[in-house]
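Pasting entry.cif here (mmCIF, C-alpha atoms and all ligand atoms):
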data_data
#
loop_
_atom_site.label_atom_id
_atom_site.label_comp_id
_atom_site.auth_asym_id
_atom_site.auth_seq_id
_atom_site.Cartn_x
_atom_site.Cartn_y
_atom_site.Cartn_z
CA MET A 1 142.48 124.94 59.41
CA MET A 2 142.11 126.77 62.70
CA SER A 3 142.85 124.64 65.75
CA PRO A 4 139.99 124.50 68.28
CA PRO A 5 140.30 126.74 71.37
CA ARG A 6 141.99 124.92 74.24
CA LYS A 7 139.44 125.97 76.88
CA ALA A 8 135.69 126.70 77.00
CA THR A 9 134.44 130.12 77.99
CA PRO A 10 133.00 129.87 81.52
CA PRO A 11 129.18 129.54 81.48
CA ALA A 12 127.22 132.78 81.24
CA PHE A 13 123.99 131.02 82.27
CA SER A 14 122.66 129.87 85.62
CA ALA A 15 122.54 126.24 86.76
CA ARG A 16 118.77 126.66 86.74
CA GLU A 17 118.79 127.71 83.09
CA PHE A 18 121.01 124.74 82.23
CA ARG A 19 118.67 122.29 83.96
CA ALA A 20 115.54 123.80 82.40
CA SER A 21 117.12 123.70 78.95
CA LEU A 22 118.18 120.07 79.42
CA GLY A 23 114.63 119.32 80.57
CA MET A 24 113.39 120.21 77.09
CA PHE A 25 114.98 116.99 75.84
CA ALA A 26 112.31 114.29 76.18
CA THR A 27 113.68 110.84 76.95
CA GLY A 28 112.62 107.36 77.88
CA VAL A 29 113.43 106.04 81.34
CA THR A 30 115.64 103.09 82.24
CA ILE A 31 116.61 101.16 85.33
CA VAL A 32 120.22 100.01 85.07
CA THR A 33 120.90 96.89 87.15
CA ALA A 34 123.91 94.78 88.11
CA ARG A 35 125.32 92.57 90.86
CA THR A 36 128.03 93.60 93.29
CA ALA A 37 131.06 91.32 93.72
CA ALA A 38 129.24 89.89 96.78
CA GLY A 39 126.19 89.09 94.62
CA GLU A 40 123.91 91.87 95.90
CA ARG A 41 121.49 93.45 93.47
CA VAL A 42 122.02 97.12 92.54
CA GLY A 43 119.86 99.29 90.33
CA LEU A 44 119.06 102.91 89.71
CA THR A 45 116.78 104.99 87.51
CA ALA A 46 118.67 106.65 84.66
CA ASN A 47 117.53 108.63 81.65
CA SER A 48 121.03 109.38 80.33
CA PHE A 49 120.80 106.29 78.09
CA ASN A 50 121.50 106.58 74.38
CA SER A 51 122.61 104.52 71.42
CA VAL A 52 126.22 104.84 70.22
CA SER A 53 127.01 102.30 67.52
CA LEU A 54 125.20 99.63 65.51
CA ASP A 55 128.30 97.60 64.62
CA PRO A 56 129.53 96.72 67.16
CA PRO A 57 126.30 97.27 69.13
CA LEU A 58 127.17 99.93 71.70
CA VAL A 59 125.05 102.01 74.06
CA LEU A 60 125.92 104.58 76.71
CA TRP A 61 124.59 106.00 79.95
CA SER A 62 126.14 108.13 82.63
CA LEU A 63 126.33 107.74 86.39
CA ALA A 64 126.89 110.49 88.97
CA ARG A 65 130.30 110.12 90.61
CA ALA A 66 128.56 110.39 93.98
CA ALA A 67 126.15 107.51 93.23
CA GLY A 68 126.10 104.75 95.83
CA SER A 69 126.20 102.14 93.07
CA MET A 70 129.38 103.57 91.46
CA LEU A 71 131.70 100.86 92.81
CA ALA A 72 129.44 98.03 91.62
CA PHE A 73 129.03 99.49 88.12
CA SER A 74 132.63 100.53 87.61
CA THR A 75 134.08 97.19 88.69
CA GLY A 76 131.47 94.70 87.47
CA SER A 77 131.84 92.85 84.16
CA HIS A 78 128.22 93.34 83.03
CA TYR A 79 125.05 95.36 83.64
CA ALA A 80 121.52 95.33 82.24
CA ILE A 81 119.63 98.36 80.96
CA ASN A 82 115.88 97.95 81.38
CA ILE A 83 113.77 100.37 79.29
CA LEU A 84 110.66 100.99 81.37
CA ALA A 85 107.11 100.60 80.07
CA ALA A 86 104.47 103.29 80.68
CA ASP A 87 102.96 101.32 83.59
CA GLN A 88 106.32 101.16 85.44
CA LYS A 89 106.38 104.78 86.66
CA ASP A 90 106.27 103.57 90.28
CA LEU A 91 109.45 101.53 89.73
CA ALA A 92 111.16 104.58 88.15
CA GLU A 93 110.37 106.61 91.25
CA ARG A 94 111.38 103.86 93.63
CA PHE A 95 114.77 103.25 91.97
CA ALA A 96 115.59 106.95 92.21
CA ALA A 97 114.66 107.18 95.90
CA ARG A 98 117.04 106.73 98.80
CA ASP A 99 116.46 104.85 102.05
CA THR A 100 113.98 102.43 100.56
CA ASP A 101 114.18 98.75 99.69
CA ARG A 102 114.21 99.18 95.92
CA TRP A 103 113.89 95.45 95.29
CA ALA A 104 110.94 94.62 97.57
CA GLY A 105 108.40 92.65 95.53
CA VAL A 106 110.16 93.37 92.21
CA ASP A 107 109.73 90.59 89.66
CA TYR A 108 112.80 89.83 87.51
CA ILE A 109 114.85 87.09 85.93
CA GLU A 110 118.63 86.86 85.95
CA GLY A 111 120.54 87.98 82.87
CA VAL A 112 124.23 87.78 82.05
CA ALA A 113 126.38 87.82 85.24
CA GLY A 114 123.18 87.83 87.31
CA SER A 115 122.08 91.35 86.30
CA PRO A 116 118.33 91.56 87.00
CA LEU A 117 116.05 91.83 83.91
CA LEU A 118 112.85 93.45 85.16
CA ALA A 119 109.54 91.77 84.32
CA GLY A 120 107.27 93.96 82.20
CA ALA A 121 110.08 96.21 80.87
CA ALA A 122 109.56 97.49 77.31
CA ALA A 123 113.07 96.35 76.32
CA SER A 124 116.31 95.18 77.86
CA PHE A 125 119.96 95.40 76.87
CA GLU A 126 122.46 93.07 78.54
CA CYS A 127 125.80 94.79 78.30
CA PHE A 128 129.45 93.97 78.74
CA ASN A 129 130.99 96.83 80.74
CA ARG A 130 133.24 97.90 77.85
CA SER A 131 134.59 101.33 78.80
CA ARG A 132 134.17 104.29 81.15
CA TYR A 133 134.97 107.97 80.68
CA GLU A 134 135.21 110.31 83.65
CA GLU A 135 133.68 113.67 82.70
CA GLY A 136 132.76 116.41 85.15
CA ASP A 137 130.61 115.08 87.96
CA HIS A 138 129.57 111.96 85.99
CA VAL A 139 131.17 108.86 84.52
CA ILE A 140 130.02 107.85 81.04
CA PHE A 141 129.60 104.10 80.68
CA VAL A 142 129.77 102.54 77.23
CA GLY A 143 128.29 99.06 77.12
CA GLU A 144 128.66 96.44 74.44
CA VAL A 145 125.29 94.76 73.99
CA GLU A 146 125.48 90.98 74.22
CA ARG A 147 121.73 90.36 74.23
CA CYS A 148 118.67 92.51 73.72
CA SER A 149 114.92 92.00 73.48
CA HIS A 150 111.74 94.06 73.47
CA ARG A 151 107.97 93.70 73.91
CA SER A 152 106.23 94.84 70.74
CA ASP A 153 103.00 95.54 72.64
CA ALA A 154 104.68 97.82 75.19
CA SER A 155 104.44 101.57 75.28
CA PRO A 156 107.51 103.27 76.80
CA LEU A 157 107.51 105.52 79.84
CA LEU A 158 108.55 109.08 78.90
CA PHE A 159 110.27 111.82 80.90
CA HIS A 160 110.98 115.49 80.42
CA GLY A 161 111.03 118.67 82.44
CA GLY A 162 111.15 116.68 85.66
CA ARG A 163 107.89 114.82 84.95
CA PHE A 164 106.91 111.34 83.81
CA TYR A 165 104.44 110.91 80.96
CA THR A 166 102.59 107.63 80.70
CA GLU A 167 100.60 108.34 77.55
CA HIS A 168 102.55 107.90 74.36
CA PRO A 169 101.45 110.41 71.68
CA LEU A 170 101.65 107.74 68.99
CA GLN A 171 100.09 105.01 71.07
CA ALA A 172 96.73 105.02 69.30
CA ASP A 173 98.44 104.69 65.90
CA ALA A 174 100.92 102.09 67.14
CA SER A 175 98.23 99.88 68.61
CA ALA A 176 96.17 99.83 65.40
CA PRO A 177 98.57 99.21 62.55
CA GLN A 178 96.39 96.48 61.02
CA ALA A 179 94.28 97.04 57.90
CA PRO A 180 90.68 98.12 58.57
CA ASP A 181 88.18 95.24 58.91
CA PRO A 182 86.55 94.94 55.45
CA ARG A 183 83.26 93.59 56.90
CA PHE A 184 80.62 96.20 57.62
CA VAL A 185 79.45 94.58 60.85
CA GLY A 186 82.92 93.91 62.25
CA GLY A 187 84.28 97.38 61.48
CA TYR A 188 81.30 99.69 61.99
CA LEU A 189 81.81 101.97 64.98
CA GLY A 190 78.18 101.64 66.11
CA TYR A 191 78.47 97.85 66.14
CA LEU A 192 81.81 97.92 67.99
CA LEU A 193 80.47 100.32 70.61
CA GLY A 194 77.32 98.19 71.01
CA GLN A 195 79.35 95.01 71.50
CA ALA A 196 81.79 96.79 73.84
CA SER A 197 78.89 98.17 75.86
CA HIS A 198 77.45 94.66 76.09
CA SER A 199 80.78 93.32 77.45
CA VAL A 200 80.97 96.10 80.03
CA TYR A 201 77.35 95.73 81.17
CA ARG A 202 76.86 91.97 80.85
CA ASP A 203 77.28 91.15 84.54
CA PHE A 204 76.45 94.58 85.86
CA GLY A 205 72.78 94.22 84.81
CA ASN A 206 72.39 91.55 87.51
CA ALA A 207 73.86 93.83 90.18
CA VAL A 208 71.40 96.59 89.18
CA ALA A 209 68.46 94.15 89.26
CA ALA A 210 69.61 92.88 92.68
CA GLN A 211 69.07 96.43 94.03
CA GLY A 212 65.52 96.32 92.61
CA LEU A 213 66.37 98.99 90.03
CA THR A 214 65.80 99.35 86.30
CA HIS A 215 68.71 100.49 84.18
CA ILE A 216 67.40 104.03 83.79
CA ALA A 217 66.73 104.28 87.56
CA TRP A 218 70.38 103.30 88.16
CA ARG A 219 71.54 106.03 85.77
CA VAL A 220 69.44 108.60 87.67
CA LEU A 221 70.92 107.43 90.98
CA ALA A 222 74.48 107.41 89.61
CA LEU A 223 74.13 111.03 88.42
CA LEU A 224 72.65 112.14 91.73
CA HIS A 225 75.37 110.25 93.60
CA ASP A 226 78.01 112.29 91.71
CA ALA A 227 76.05 115.54 92.17
CA ARG A 228 75.93 114.88 95.92
CA ALA A 229 79.68 114.20 96.05
CA ALA A 230 80.37 117.39 94.05
CA ALA A 231 78.15 119.45 96.40
CA GLY A 232 80.16 118.23 99.43
CA GLU A 233 79.08 119.93 102.64
CA ALA A 234 77.36 122.66 100.63
CA GLY A 235 74.13 120.77 99.93
CA ASP A 236 72.42 117.60 98.77
CA GLY A 237 73.36 118.00 95.09
CA ALA A 238 69.75 118.44 93.92
CA VAL A 239 69.32 118.58 90.14
CA ALA A 240 66.32 119.90 88.11
CA VAL A 241 64.23 117.18 86.43
CA GLY A 242 64.87 118.74 82.99
CA GLN A 243 68.61 118.55 83.51
CA LEU A 244 68.35 114.95 84.73
CA ALA A 245 66.35 114.01 81.61
CA ARG A 246 69.06 115.50 79.38
CA ASP A 247 71.79 113.69 81.31
CA VAL A 248 70.15 110.25 81.20
CA LEU A 249 69.17 110.79 77.54
CA ALA A 250 65.44 110.26 78.18
CA LYS A 251 62.30 112.37 77.58
CA GLN A 252 61.29 114.71 80.40
CA PRO A 253 57.78 113.20 80.97
CA THR A 254 59.36 109.73 81.29
CA VAL A 255 61.88 111.01 83.81
CA THR A 256 59.20 112.99 85.71
CA LYS A 257 57.20 109.75 86.19
CA LEU A 258 60.31 107.77 87.05
CA VAL A 259 61.56 110.17 89.74
CA GLN A 260 58.07 110.26 91.30
CA ARG A 261 58.08 106.47 91.51
CA MET A 262 61.62 106.42 92.92
CA ALA A 263 60.62 109.07 95.48
CA ASP A 264 57.65 106.88 96.52
CA GLU A 265 60.12 104.01 97.00
CA GLY A 266 62.21 106.23 99.28
CA LEU A 267 65.22 106.45 96.91
CA LEU A 268 64.83 110.14 96.00
CA VAL A 269 63.73 113.37 97.65
CA LEU A 270 61.73 115.88 95.53
CA ARG A 271 61.15 119.54 96.27
CA ALA A 272 60.13 122.68 94.41
CA ASP A 273 62.98 124.89 93.16
CA PRO A 274 62.97 128.00 95.43
CA GLN A 275 64.09 130.07 92.39
CA ASP A 276 61.22 128.82 90.24
CA GLN A 277 58.36 127.02 92.01
CA ARG A 278 57.25 125.29 88.77
CA ARG A 279 60.51 123.35 88.57
CA THR A 280 61.11 120.21 90.61
CA LEU A 281 64.54 119.52 92.10
CA VAL A 282 65.60 115.93 92.68
CA ALA A 283 68.22 114.62 95.13
CA ALA A 284 69.17 111.11 96.25
CA SER A 285 67.85 110.12 99.69
CA GLU A 286 70.15 108.33 102.15
CA ALA A 287 68.66 104.99 100.99
CA GLY A 288 69.20 106.02 97.35
CA LEU A 289 72.82 106.97 98.09
CA ARG A 290 73.42 103.62 99.81
CA ALA A 291 72.15 101.72 96.77
CA ALA A 292 74.20 103.96 94.45
CA ARG A 293 77.39 103.41 96.48
CA ILE A 294 76.98 99.63 96.33
CA LEU A 295 76.52 99.78 92.56
CA VAL A 296 79.34 102.27 91.99
CA ALA A 297 81.72 99.94 93.87
CA GLU A 298 80.44 96.95 91.88
CA ALA A 299 80.79 98.86 88.57
CA ARG A 300 84.36 99.87 89.43
CA ALA A 301 85.29 96.30 90.40
CA GLN A 302 83.84 94.90 87.17
CA GLU A 303 85.56 97.58 85.09
CA GLN A 304 88.87 96.75 86.76
CA ALA A 305 88.43 93.03 86.08
CA LEU A 306 87.54 93.67 82.43
CA LEU A 307 90.57 95.93 81.91
CA ALA A 308 92.99 93.95 84.08
CA HIS A 309 95.40 93.39 81.20
CA TRP A 310 95.29 96.92 79.84
CA SER A 311 97.98 99.42 80.80
CA ALA A 312 96.92 102.55 82.67
CA SER A 313 97.66 104.67 79.61
CA GLU A 314 95.58 102.43 77.33
CA VAL A 315 92.60 102.79 79.66
CA ASP A 316 93.16 106.54 79.80
CA THR A 317 93.37 106.79 76.00
CA LEU A 318 90.21 104.70 75.51
CA LYS A 319 88.22 106.86 77.92
CA ARG A 320 89.48 110.11 76.45
CA MET A 321 88.52 108.97 72.96
CA LEU A 322 85.04 107.91 74.07
CA GLN A 323 84.59 111.27 75.81
CA ARG A 324 85.69 113.00 72.61
CA LEU A 325 83.17 111.00 70.62
CA THR A 326 80.44 111.88 73.12
CA THR A 327 81.11 115.61 73.02
CA GLY A 328 81.62 115.59 69.24
CA GLY A 329 85.11 117.15 69.72
C1 LIG B 401 114.00 110.18 85.55
C2 LIG B 401 115.31 110.10 86.29
C3 LIG B 401 116.49 109.94 85.58
C4 LIG B 401 117.71 109.81 86.24
N1 LIG B 401 118.83 109.64 85.49
C5 LIG B 401 120.03 109.47 86.11
C6 LIG B 401 121.20 109.21 85.35
O1 LIG B 401 121.15 109.12 84.13
N2 LIG B 401 122.38 109.07 86.02
C7 LIG B 401 122.45 109.14 87.39
O2 LIG B 401 123.54 109.01 87.94
N3 LIG B 401 121.34 109.39 88.15
C8 LIG B 401 120.12 109.54 87.54
N4 LIG B 401 118.99 109.74 88.28
C9 LIG B 401 119.10 109.81 89.75
C10 LIG B 401 119.30 108.44 90.37
O3 LIG B 401 118.28 107.55 90.02
C11 LIG B 401 119.31 108.58 91.91
O4 LIG B 401 120.27 109.53 92.27
C12 LIG B 401 119.60 107.29 92.61
O5 LIG B 401 119.30 107.45 94.00
C13 LIG B 401 121.04 106.83 92.48
O6 LIG B 401 121.12 105.59 93.14
P1 LIG B 401 122.45 105.05 93.86
O7 LIG B 401 122.95 106.17 94.70
O8 LIG B 401 121.98 103.84 94.62
O9 LIG B 401 123.39 104.69 92.77
C14 LIG B 401 117.77 109.87 87.64
C15 LIG B 401 116.57 110.00 88.37
C16 LIG B 401 115.37 110.10 87.70
C17 LIG B 401 114.09 110.25 88.49
#

Spit out the file's structure as structure tokens when you get a sec.
Ligand SMILES: Cc1cc2nc3c(=O)[nH]c(=O)nc-3n(C[C@H](O)[C@H](O)[C@H](O)COP(=O)(O)O)c2cc1C
Amino acid sequence: MMSPPRKATPPAFSAREFRASLGMFATGVTIVTARTAAGERVGLTANSFNSVSLDPPLVLWSLARAAGSMLAFSTGSHYAINILAADQKDLAERFAARDTDRWAGVDYIEGVAGSPLLAGAAASFECFNRSRYEEGDHVIFVGEVERCSHRSDASPLLFHGGRFYTEHPLQADASAPQAPDPRFVGGYLGYLLGQASHSVYRDFGNAVAAQGLTHIAWRVLALLHDARAAAGEAGDGAVAVGQLARDVLAKQPTVTKLVQRMADEGLLVLRADPQDQRRTLVAASEAGLRAARILVAEARAQEQALLAHWSASEVDTLKRMLQRLTTGG
């Protein structure tokens, strides 16, 4: 057998190439925490985590030699590795930043030797500081896991190429592993969407009525509110009646009558299209915009309350899927 060469050939690639190639390895994100000998909390964001051995249970991560927390980690008896959930991106950024109070407002409980276990983490490993290997500009830490736990409903935060990803590609599958509902009513998409729509709109109907509007009038105002915002300084965001009818899913004669009535009430401004005098353009008046802004704020607040316990990526996935259903994509 040939003996391995005693020395590596010096790199023929740039540091940039090395980093970019490493960036192709997608990882989760952890915050490794511990206590200094004086009892102060330390913690940093690290994605160098990996599993080593099942029996005994060993994991590893590596710490830059220059890291401020090196003394605490290399001399302490224990540390905790917190695997971050998708909605903890802010914590990941904060625990990688310098000159900031990383612990301000952070919710945690104390693990072995006081190492902080972060609330809301997807999983945690409480490790005995078993061994350390100095290699290059980092020290590899091997930890022996004394305790571990995970949240089965959590979706992990992902990282690669210098960016965080909060939407897990398998999230939709992972959140729906149960067998399909055998009842027609309980499982039919139309029924589910109808019930969901009822939950979303239940209280909002009162807010619309309080502005003296019907539901369809609110939809017209909401569309014109967005059109006005999109037009910016360039104009009043006027939309042709035909287009409005398509967007609110109503027949054109119905919408023609409705916009006339809303114009009489001072909510809309109508004018002939200069390109085609037979077409009527509709824009929200200042009074119409005021009513729309009140309702938009109310709708957002109610949506937030309804989805308070959903993660940002769950909300994003739900909306994307509904948009896909709407466009038939
Ligand atoms: C996603 C991500 C992963 C990181 N992984 C590591 C790592 O594995 N090891 C490390 O030493 N630093 C890593 N860092 C950088 C540290 O979090 C950063 O340098 C931190 O300021 C070190 O803190 P300290 O100096 O208080 O120890 C990572 C940063 C980010 C954003």

Q. Nearest to A:Asp87 among A:Asp264, A:Glu167, A:Glu146, A:Asp203, with distances taken over all atoms listed in the file: which residue is it?
A.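 Going through A:Asp264, A:Glu167, A:Glu146, A:Asp203 one by one, the smallest distance to A:Asp87 is for A:Glu167.
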
Around all the atoms of ligand LIG 401 (chain B) listed in the file, with 6 Å of room on each side, what axis-aligned box do you get, giving centre and edge lengths in Å to one decimal, as JSON?
{"center_x": 118.8, "center_y": 107.0, "center_z": 89.4, "size_x": 21.5, "size_y": 18.4, "size_z": 22.6}

Q | Protein and nucleic residues near ligand LIG 401 (chain B), 8 Å, all atoms listed in the file, as an MDAnalysis selection string | A | chainID A and resid 29:30 42:49 61:70 92:93 95:98 138 159:160 162:164

Q.
Would you pick out the contacts of A:Thr317 at 8 Å or less, using all atoms listed in the file, so that residues sharing its chain but fewer than 3 positions from it are not included, and give the list as number ranges by chain?
A. A: 167, 172, 313-314, 320-321

(Q) Quick check, in Å to one decimal: how far apart do atom CA of A:Arg16 and atom CA of A:Arg94 lie? (A) 24.9 Å

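Computed from the coordinates, the atom CA of A:Gln252 to atom CA of A:Arg228 distance equals 21.3 Å.
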
Q: Can you work out the spacing between atom CA of A:Val296 and atom CA of A:Leu223 in Å, to one decimal?
A: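 Going from atom CA of A:Val296 over to atom CA of A:Leu223, I get 10.8 Å.
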
Q: Give me the residues within 8 Å of stretch 75-82 of chain A as number ranges by chain, counting all atoms listed in the file and dropping any in the same chain fewer than 5 places off.
A: A: 30-37, 111-113, 115-118, 121-129

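For the choices A:Ser311, A:Thr280, A:Thr254, A:Gln304, the atom-to-atom distance to A:Thr166 is smallest for A:Ser311 when using all atoms listed in the file.
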
(Q) With distances taken over all atoms listed in the file, which residue among A:Leu295, A:Ala238, A:Arg147, A:Leu224 lies nearest A:Ala272? (A)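 Closest to A:Ala272 of all the choices is A:Ala238.
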
Q. Taking only C-alpha atoms into account, which of A:Lys257, A:Arg271, A:His215, A:His309 comes nearest A:Ala283?
A. A:Arg271

Q) Counting all atoms listed in the file, which of A:Val220, A:Leu318, A:Leu60, A:Ala231 gets nearest to A:Gly288? A)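 Ranked by minimum distance to A:Gly288, first place goes to A:Val220.
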